[in-house]
$ cat data.cif   # mmCIF, C-alpha atoms and all ligand atoms
data_input
#
loop_
_atom_site.label_atom_id
_atom_site.label_comp_id
_atom_site.auth_asym_id
_atom_site.auth_seq_id
_atom_site.Cartn_x
_atom_site.Cartn_y
_atom_site.Cartn_z
CA MET A 20 140.24 46.94 139.18
CA LYS A 21 136.51 47.72 139.35
CA LEU A 22 135.04 49.92 136.62
CA ASN A 23 131.58 51.30 136.11
CA LYS A 24 129.82 50.39 132.92
CA ASN A 25 129.46 53.05 130.26
CA ILE A 26 125.88 53.60 129.19
CA GLU A 27 126.50 54.28 125.49
CA THR A 28 128.53 51.19 124.62
CA ILE A 29 130.24 50.88 121.24
CA LEU A 30 129.17 48.29 118.66
CA GLY A 31 127.24 46.06 121.05
CA CYS A 32 130.30 45.63 123.28
CA ASP A 33 128.24 45.58 126.47
CA LYS A 34 129.75 42.74 128.51
CA GLU A 35 130.59 43.24 132.18
CA TYR A 36 134.20 44.00 133.07
CA ASP A 37 134.73 40.80 135.03
CA GLU A 38 133.56 38.55 132.18
CA SER A 39 135.51 40.41 129.46
CA ASN A 40 138.84 39.53 127.88
CA ILE A 41 139.18 42.71 125.77
CA VAL A 42 138.69 46.27 127.06
CA VAL A 43 137.90 49.03 124.56
CA PHE A 44 138.53 52.62 125.62
CA GLY A 45 138.57 55.97 123.85
CA VAL A 46 141.33 58.54 124.17
CA PRO A 47 140.13 62.02 123.15
CA PHE A 48 143.56 63.53 122.61
CA ASP A 49 144.97 65.44 119.60
CA SER A 50 147.17 68.14 121.14
CA THR A 51 150.20 67.41 118.96
CA ALA A 52 148.34 67.17 115.62
CA SER A 53 150.65 68.92 113.17
CA TYR A 54 148.19 69.72 110.39
CA ARG A 55 144.44 69.42 111.00
CA PRO A 56 143.29 68.72 114.58
CA GLY A 57 140.05 66.86 115.33
CA ALA A 58 141.15 63.31 116.18
CA ARG A 59 140.09 63.96 119.79
CA PHE A 60 136.52 63.39 118.55
CA GLY A 61 137.38 60.07 116.87
CA SER A 62 136.41 57.51 119.50
CA ARG A 63 133.35 59.41 120.70
CA THR A 64 132.01 59.75 117.16
CA MET A 65 132.63 56.05 116.50
CA ARG A 66 130.69 55.19 119.65
CA ALA A 67 127.73 57.37 118.63
CA GLU A 68 127.70 56.16 115.00
CA SER A 69 128.06 52.50 115.96
CA TYR A 70 124.30 52.31 116.50
CA ASN A 71 123.93 52.24 112.72
CA MET A 72 126.36 49.34 112.24
CA GLU A 73 125.41 45.66 112.34
CA THR A 74 127.17 43.61 115.01
CA TYR A 75 127.15 40.61 112.64
CA SER A 76 130.06 40.07 110.24
CA PRO A 77 129.17 38.43 106.91
CA TYR A 78 132.92 37.95 106.31
CA LEU A 79 133.50 35.89 109.46
CA GLU A 80 129.92 34.73 110.11
CA LEU A 81 130.30 35.83 113.71
CA ASP A 82 128.46 38.37 115.86
CA LEU A 83 130.01 40.79 118.33
CA GLU A 84 127.23 40.29 120.86
CA GLU A 85 127.40 36.47 120.75
CA ASP A 86 131.00 35.69 119.89
CA THR A 87 133.04 38.21 121.88
CA THR A 88 133.41 39.33 125.48
CA VAL A 89 134.42 42.96 125.01
CA PHE A 90 133.98 45.59 127.72
CA ASP A 91 133.59 49.23 126.69
CA ALA A 92 135.20 51.49 129.33
CA GLY A 93 134.10 54.72 127.60
CA GLU A 94 136.37 57.72 127.22
CA LEU A 95 139.40 58.55 129.34
CA GLU A 96 139.39 61.97 130.97
CA LEU A 97 142.73 63.52 130.10
CA SER A 98 144.70 66.56 131.14
CA ILE A 99 144.23 69.14 128.40
CA GLY A 100 147.42 70.96 127.46
CA ASN A 101 149.81 68.67 129.33
CA THR A 102 151.00 65.95 126.98
CA GLN A 103 153.05 64.04 129.53
CA LYS A 104 150.18 63.93 132.01
CA ALA A 105 147.83 62.68 129.32
CA LEU A 106 150.30 59.93 128.39
CA ASP A 107 150.69 59.01 132.07
CA SER A 108 146.92 58.56 132.34
CA ILE A 109 146.84 56.31 129.27
CA TYR A 110 149.79 54.32 130.64
CA LYS A 111 148.19 53.79 134.06
CA PHE A 112 144.86 52.83 132.56
CA SER A 113 146.46 50.31 130.18
CA LYS A 114 148.65 48.93 132.95
CA ASN A 115 145.58 48.21 135.11
CA ILE A 116 143.83 46.41 132.25
CA LEU A 117 146.95 44.31 131.60
CA ALA A 118 147.29 43.57 135.33
CA ASP A 119 143.78 42.07 135.16
CA ASN A 120 144.99 39.85 132.27
CA LYS A 121 142.80 41.61 129.73
CA LEU A 122 143.77 43.05 126.37
CA PRO A 123 143.63 46.85 126.00
CA PHE A 124 142.12 47.99 122.69
CA MET A 125 142.48 51.76 122.43
CA LEU A 126 140.66 54.10 120.06
CA GLY A 127 142.33 57.45 119.34
CA GLY A 128 142.85 60.18 119.30
CA GLU A 129 146.01 61.02 117.44
CA HIS A 130 148.87 58.57 117.16
CA LEU A 131 150.94 59.79 120.14
CA VAL A 132 148.45 58.03 122.45
CA THR A 133 150.06 54.72 121.42
CA LEU A 134 153.12 55.58 123.50
CA GLY A 135 151.21 55.38 126.81
CA ALA A 136 149.59 52.04 126.05
CA PHE A 137 152.76 50.59 124.53
CA GLN A 138 154.83 51.56 127.57
CA ALA A 139 152.46 49.52 129.75
CA ALA A 140 152.57 46.55 127.35
CA ALA A 141 156.38 46.65 127.18
CA GLU A 142 156.61 46.59 130.96
CA LYS A 143 154.53 43.45 131.20
CA TYR A 144 156.02 41.83 128.06
CA PRO A 145 159.69 42.93 127.74
CA ASP A 146 160.00 40.90 124.51
CA VAL A 147 157.12 42.80 122.85
CA HIS A 148 157.32 43.58 119.11
CA ILE A 149 155.30 46.23 117.27
CA ILE A 150 153.36 45.81 114.06
CA HIS A 151 152.62 49.28 112.73
CA PHE A 152 150.31 50.15 109.81
CA ASP A 153 150.56 53.81 108.74
CA ALA A 154 151.10 56.16 105.81
CA HIS A 155 153.78 57.91 107.88
CA ALA A 156 156.95 56.46 109.39
CA ASP A 157 156.50 58.45 112.64
CA LEU A 158 160.21 57.91 113.40
CA ARG A 159 161.42 61.50 113.75
CA ASP A 160 163.46 62.16 116.88
CA GLU A 161 161.85 65.59 117.18
CA PHE A 162 159.10 67.38 115.34
CA LEU A 163 158.80 71.17 115.59
CA GLU A 164 161.33 70.95 118.46
CA THR A 165 159.07 68.56 120.35
CA ALA A 166 160.02 64.99 121.32
CA LEU A 167 156.43 63.96 122.06
CA SER A 168 154.41 64.21 118.85
CA HIS A 169 152.33 62.01 116.59
CA ALA A 170 155.25 62.34 114.14
CA THR A 171 157.73 60.88 116.68
CA VAL A 172 155.62 58.23 118.38
CA LEU A 173 157.28 55.15 116.90
CA ARG A 174 160.70 56.64 117.66
CA ARG A 175 159.67 56.97 121.32
CA CYS A 176 158.48 53.34 121.25
CA TYR A 177 161.86 52.45 119.76
CA ASP A 178 163.54 54.17 122.72
CA ILE A 179 161.81 51.62 124.97
CA VAL A 180 162.55 48.40 123.01
CA GLY A 181 165.48 49.14 120.65
CA ASP A 182 166.53 47.58 117.33
CA ASN A 183 164.59 45.06 115.25
CA ARG A 184 161.36 45.24 117.22
CA ILE A 185 159.28 47.52 114.98
CA PHE A 186 157.69 46.31 111.72
CA GLN A 187 155.99 48.96 109.59
CA PHE A 188 153.70 48.56 106.58
CA GLY A 189 152.03 50.95 104.15
CA ILE A 190 154.57 53.73 104.74
CA ARG A 191 154.69 56.35 101.98
CA SER A 192 155.69 59.55 103.75
CA GLY A 193 158.55 60.78 105.89
CA GLU A 194 161.59 63.03 105.76
CA LYS A 195 164.74 61.62 104.19
CA ALA A 196 166.74 61.47 107.45
CA GLU A 197 163.90 59.66 109.19
CA ILE A 198 163.55 57.03 106.47
CA MET A 199 167.35 56.51 106.40
CA TRP A 200 167.43 56.15 110.19
CA GLY A 201 164.61 53.63 109.94
CA ARG A 202 166.62 51.43 107.57
CA GLU A 203 169.20 50.91 110.32
CA HIS A 204 166.87 50.27 113.22
CA VAL A 205 163.41 49.07 112.19
CA CYS A 206 161.84 47.02 109.39
CA THR A 207 159.83 49.18 106.99
CA ARG A 208 157.80 47.83 104.08
CA MET A 209 156.82 50.73 101.88
CA PHE A 210 153.41 51.35 100.30
CA ASP A 211 151.50 48.11 101.02
CA PHE A 212 151.39 44.81 102.92
CA ASN A 213 153.89 42.89 100.80
CA GLY A 214 155.98 40.67 103.04
CA LEU A 215 153.51 40.74 105.94
CA HIS A 216 153.04 36.97 106.06
CA ASN A 217 156.78 36.27 106.14
CA ILE A 218 157.22 38.65 109.04
CA LEU A 219 154.23 37.26 110.92
CA ASP A 220 155.70 33.75 110.54
CA LYS A 221 158.97 34.97 112.07
CA LEU A 222 157.17 36.66 114.99
CA ARG A 223 154.77 33.78 115.64
CA ASP A 224 155.93 33.16 119.24
CA LYS A 225 156.42 36.84 120.18
CA PRO A 226 154.08 39.13 122.09
CA ILE A 227 152.77 41.75 119.64
CA TYR A 228 151.52 45.30 120.14
CA PHE A 229 149.49 46.23 117.05
CA THR A 230 148.98 49.88 116.13
CA VAL A 231 146.84 50.92 113.16
CA ASP A 232 147.03 54.53 112.00
CA LEU A 233 143.95 54.65 109.80
CA ASP A 234 145.63 57.05 107.37
CA VAL A 235 147.32 53.93 105.95
CA LEU A 236 144.06 53.75 103.95
CA ASP A 237 143.86 55.72 100.74
CA PRO A 238 142.19 59.12 101.31
CA SER A 239 139.57 58.19 98.70
CA VAL A 240 138.43 55.49 101.13
CA PHE A 241 139.25 57.33 104.32
CA PRO A 242 139.26 61.13 103.92
CA GLY A 243 138.56 61.76 107.61
CA THR A 244 142.07 62.10 108.93
CA GLY A 245 144.33 64.99 109.85
CA THR A 246 147.26 64.17 107.57
CA PRO A 247 145.86 62.46 104.45
CA GLU A 248 148.40 60.85 102.14
CA ALA A 249 147.52 59.68 98.62
CA GLY A 250 148.56 56.23 97.42
CA GLY A 251 147.21 54.17 100.30
CA VAL A 252 145.71 50.70 100.65
CA SER A 253 142.07 49.71 100.09
CA PHE A 254 139.54 48.79 102.75
CA ASN A 255 139.72 45.08 101.88
CA GLU A 256 143.52 45.06 101.85
CA LEU A 257 143.55 46.53 105.35
CA ARG A 258 140.73 44.29 106.61
CA ILE A 259 142.55 41.16 105.43
CA ALA A 260 145.93 42.33 106.78
CA MET A 261 144.37 43.13 110.17
CA GLN A 262 142.78 39.69 110.22
CA ALA A 263 146.18 38.10 109.58
CA VAL A 264 147.70 40.05 112.48
CA SER A 265 144.81 39.06 114.77
CA ASN A 266 146.12 35.47 114.65
CA MET A 267 149.28 36.55 116.44
CA ASN A 268 149.88 36.74 120.19
CA ILE A 269 148.38 40.25 120.52
CA VAL A 270 148.96 41.87 123.94
CA GLY A 271 147.63 45.34 123.08
CA ALA A 272 146.18 47.15 120.07
CA ASP A 273 144.94 50.51 118.91
CA MET A 274 143.28 52.31 116.01
CA VAL A 275 144.12 56.01 115.74
CA GLU A 276 143.85 59.21 113.68
CA LEU A 277 140.18 59.18 112.71
CA SER A 278 139.29 62.89 112.65
CA PRO A 279 135.51 63.40 112.37
CA PRO A 280 135.75 67.15 111.52
CA CYS A 281 137.60 66.09 108.34
CA ASP A 282 134.98 63.41 107.64
CA LEU A 283 132.22 65.44 106.02
CA SER A 284 130.33 62.45 104.61
CA GLY A 285 130.76 60.28 107.71
CA ILE A 286 132.18 57.48 105.56
CA SER A 287 135.50 57.37 107.43
CA THR A 288 133.80 56.78 110.78
CA THR A 289 131.76 53.85 109.45
CA THR A 290 134.88 52.45 107.76
CA ALA A 291 136.77 52.60 111.07
CA LEU A 292 133.87 50.90 112.86
CA LYS A 293 133.72 48.10 110.31
CA LEU A 294 137.46 47.48 110.63
CA MET A 295 137.09 47.47 114.40
CA ARG A 296 134.22 44.95 114.23
CA GLU A 297 136.15 42.58 111.98
CA PHE A 298 139.32 42.84 114.06
CA LEU A 299 137.58 42.32 117.42
CA LEU A 300 135.76 39.27 116.06
CA SER A 301 138.82 37.57 114.61
CA LEU A 302 140.92 38.50 117.66
CA SER A 303 138.28 37.07 119.99
CA GLN A 304 138.19 33.81 118.03
CA GLU A 305 141.96 33.58 118.35
CA MET A 306 141.90 34.28 122.09
CA LEU A 307 139.29 31.58 122.71
CA HIS A 308 141.44 28.89 121.02
MN MN B 1 150.92 57.71 112.63
MN MN B 2 149.84 58.57 109.68
#

$ encode --input "data.cif" --output "structure tokens"
Amino acid sequence: MKLNKNIETILGCDKEYDESNIVVFGVPFDSTASYRPGARFGSRTMRAESYNMETYSPYLELDLEEDTTVFDAGELELSIGNTQKALDSIYKFSKNILADNKLPFMLGGEHLVTLGAFQAAAEKYPDVHIIHFDAHADLRDEFLETALSHATVLRRCYDIVGDNRIFQFGIRSGEKAEIMWGREHVCTRMFDFNGLHNILDKLRDKPIYFTVDLDVLDPSVFPGTGTPEAGGVSFNELRIAMQAVSNMNIVGADMVELSPPCDLSGISTTTALKLMREFLLSLSQEMLH
């Protein structure tokens, strides 16, 4: 695949495609948002705001420009009003990145976008497991009589891989039937990251797709999201948990549900960018070794 370089690259991620091992792309899609839309502006706003963020991490003592080879592919152009077509585009794009032996790192957009990228990852890695950070279980079979929704996305991923492949953390919202269904078919750790290290040890040799719904953060830290849910984790808890997951065999990853119209102070966008910087740096270190 040959891609043209985006001019406004995110967070100093300005390597050429051929020399990169991670490909960042934005997915401006929020058509199934059930409460407050706006996540379609998430990746674009992160890209614009990233000019105010240092590329150097004092936590890791690494710099995005020196210590990573990340290509920024810009924003996907998606079919507006046709959910399946939009998912097909995300799937094809992710599949091409994976075919070039690079790691797709997708910025949402609402959470349904994960389905397209995960489908591509599951095709290449049939043994793929999902690590899912979220306030919401996202395991409904249907939501508002729709099978494709950000409230059903993990259920649709389940349809691809089946039992015992999905590991959720931070969950604190869902309907009763959905939570009960989850107990039979997936592993859900409620409220926080307790038990994460045990599960990571068990999955050490497995290919992992990692999806982070940023509403796992407490709304006091991260108000800029369409479905805020009190009782979430802190920035440092999430940063450290994401760093732990970065040591796994990651084959695809995403960060979703930043909604700039809900982010009046801009603090959520900079928080998302900082998490992205830390994750890309620790992931790149892992991929080099
Ligand atoms: Mn979600
Ligand atoms: Mn959520």

$ axis_aligned_box --input "data.cif" --around "range 118-132 of chain A" --padding-each-side "5 Å" --output "AutoDock Vina command-line options"
--center_x 145.8 --center_y 50.4 --center_z 126.2 --size_x 20.3 --size_y 31.2 --size_z 28.2

$ residues_near_point --input "data.cif" --point "(145.3, 50.1, 99.8)" --cutoff "8 Å" --atoms "all atoms listed in the file" --output "ChimeraX atom specification"
/A:211,235-237,250-257

$ atom_distance --input "data.cif" --atom1 "CA of Ser239 in chain A" --atom2 "CA of Ile150 in chain A"
24.1 Å

$ residues_around --input "data.cif" --residues "range 275-288 of chain A" --least-positions-apart "5" --cutoff "8 Å" --atoms "only C-alpha atoms" --output "PyMOL selection string"
chain A and resi 56-62+64-65+68+126-130+230-234+240-245

$ write_last_selection --input "data.cif" --atoms "C-alpha atoms" --output "short mmCIF file (atom, residue, chain, number, x, y, z; two decimals), keeping the file's coordinate frame"
data_model
loop_
_atom_site.label_atom_id
_atom_site.label_comp_id
_atom_site.auth_asym_id
_atom_site.auth_seq_id
_atom_site.Cartn_x
_atom_site.Cartn_y
_atom_site.Cartn_z
CA PRO A 56 143.29 68.72 114.58
CA GLY A 57 140.05 66.86 115.33
CA ALA A 58 141.15 63.31 116.18
CA ARG A 59 140.09 63.96 119.79
CA PHE A 60 136.52 63.39 118.55
CA GLY A 61 137.38 60.07 116.87
CA SER A 62 136.41 57.51 119.50
CA THR A 64 132.01 59.75 117.16
CA MET A 65 132.63 56.05 116.50
CA GLU A 68 127.70 56.16 115.00
CA LEU A 126 140.66 54.10 120.06
CA GLY A 127 142.33 57.45 119.34
CA GLY A 128 142.85 60.18 119.30
CA GLU A 129 146.01 61.02 117.44
CA HIS A 130 148.87 58.57 117.16
CA THR A 230 148.98 49.88 116.13
CA VAL A 231 146.84 50.92 113.16
CA ASP A 232 147.03 54.53 112.00
CA LEU A 233 143.95 54.65 109.80
CA ASP A 234 145.63 57.05 107.37
CA VAL A 240 138.43 55.49 101.13
CA PHE A 241 139.25 57.33 104.32
CA PRO A 242 139.26 61.13 103.92
CA GLY A 243 138.56 61.76 107.61
CA THR A 244 142.07 62.10 108.93
CA GLY A 245 144.33 64.99 109.85
#

$ atom_distance --input "data.cif" --atom1 "CA of Thr87 in chain A" --atom2 "CA of Leu300 in chain A"
6.5 Å

$ residues_around --input "data.cif" --residues "Phe298 in chain A" --least-positions-apart "6" --cutoff "9 Å" --atoms "all atoms listed in the file" --output "PyMOL selection string"
chain A and resi 258+261-262+264-265

$ write_last_selection --input "data.cif" --atoms "C-alpha atoms" --output "PDB file, in the coordinates of the input"
ATOM      1  CA  ARG A 258     140.730  44.290 106.610  1.00  0.00           C
ATOM      2  CA  MET A 261     144.370  43.130 110.170  1.00  0.00           C
ATOM      3  CA  GLN A 262     142.780  39.690 110.220  1.00  0.00           C
ATOM      4  CA  VAL A 264     147.700  40.050 112.480  1.00  0.00           C
ATOM      5  CA  SER A 265     144.810  39.060 114.770  1.00  0.00           C
TER       6      SER A 265
END

$ residues_around --input "data.cif" --residues "Glu84 in chain A" --least-positions-apart "6" --cutoff "9 Å" --atoms "all atoms listed in the file" --output "PyMOL selection string"
chain A and resi 30-34+74-75

$ residues_around --input "data.cif" --residues "Phe124 in chain A" --least-positions-apart "3" --cutoff "7 Å" --atoms "all atoms listed in the file" --output "PDB file with C-alpha atoms, in the frame of the given file"
ATOM      1  CA  ILE A  41     139.180  42.710 125.770  1.00  0.00           C
ATOM      2  CA  VAL A  42     138.690  46.270 127.060  1.00  0.00           C
ATOM      3  CA  VAL A  43     137.900  49.030 124.560  1.00  0.00           C
ATOM      4  CA  PHE A  44     138.530  52.620 125.620  1.00  0.00           C
ATOM      5  CA  GLY A 271     147.630  45.340 123.080  1.00  0.00           C
ATOM      6  CA  ALA A 272     146.180  47.150 120.070  1.00  0.00           C
ATOM      7  CA  ASP A 273     144.940  50.510 118.910  1.00  0.00           C
TER       8      ASP A 273
END

$ atom_distance --input "data.cif" --atom1 "CA of Gly45 in chain A" --atom2 "CA of Ser301 in chain A"
20.6 Å

$ closest_residue --input "data.cif" --among "A:Leu299, A:Ala140, A:Ala105, A:Ile185" --to "Leu117 in chain A" --atoms "all atoms listed in the file"
A:Ala140

$ closest_residue --input "data.cif" --among "A:Ser192, A:Asn268, A:Gln187, A:Ser168" --to "Ile218 in chain A" --atoms "all atoms listed in the file"
A:Gln187

$ closest_residue --input "data.cif" --among "A:Leu167, A:Leu215, A:Val147, A:Met295" --to "Met125 in chain A" --atoms "only C-alpha atoms"
A:Met295

$ closest_residue --input "data.cif" --among "A:Asn23, A:Thr28, A:Asn266, A:Thr171" --to "ligand MN 1 (chain B)" --atoms "all atoms listed in the file"
A:Thr171

$ closest_residue --input "data.cif" --among "A:Pro123, A:Pro238, A:Gly201, A:Gly193" --to "ligand MN 1 (chain B)" --atoms "only C-alpha atoms and all ligand atoms"
A:Gly193

$ closest_residue --input "data.cif" --among "A:Leu122, A:Leu83, A:Ile227, A:Met274" --to "Asp153 in chain A" --atoms "all atoms listed in the file"
A:Met274
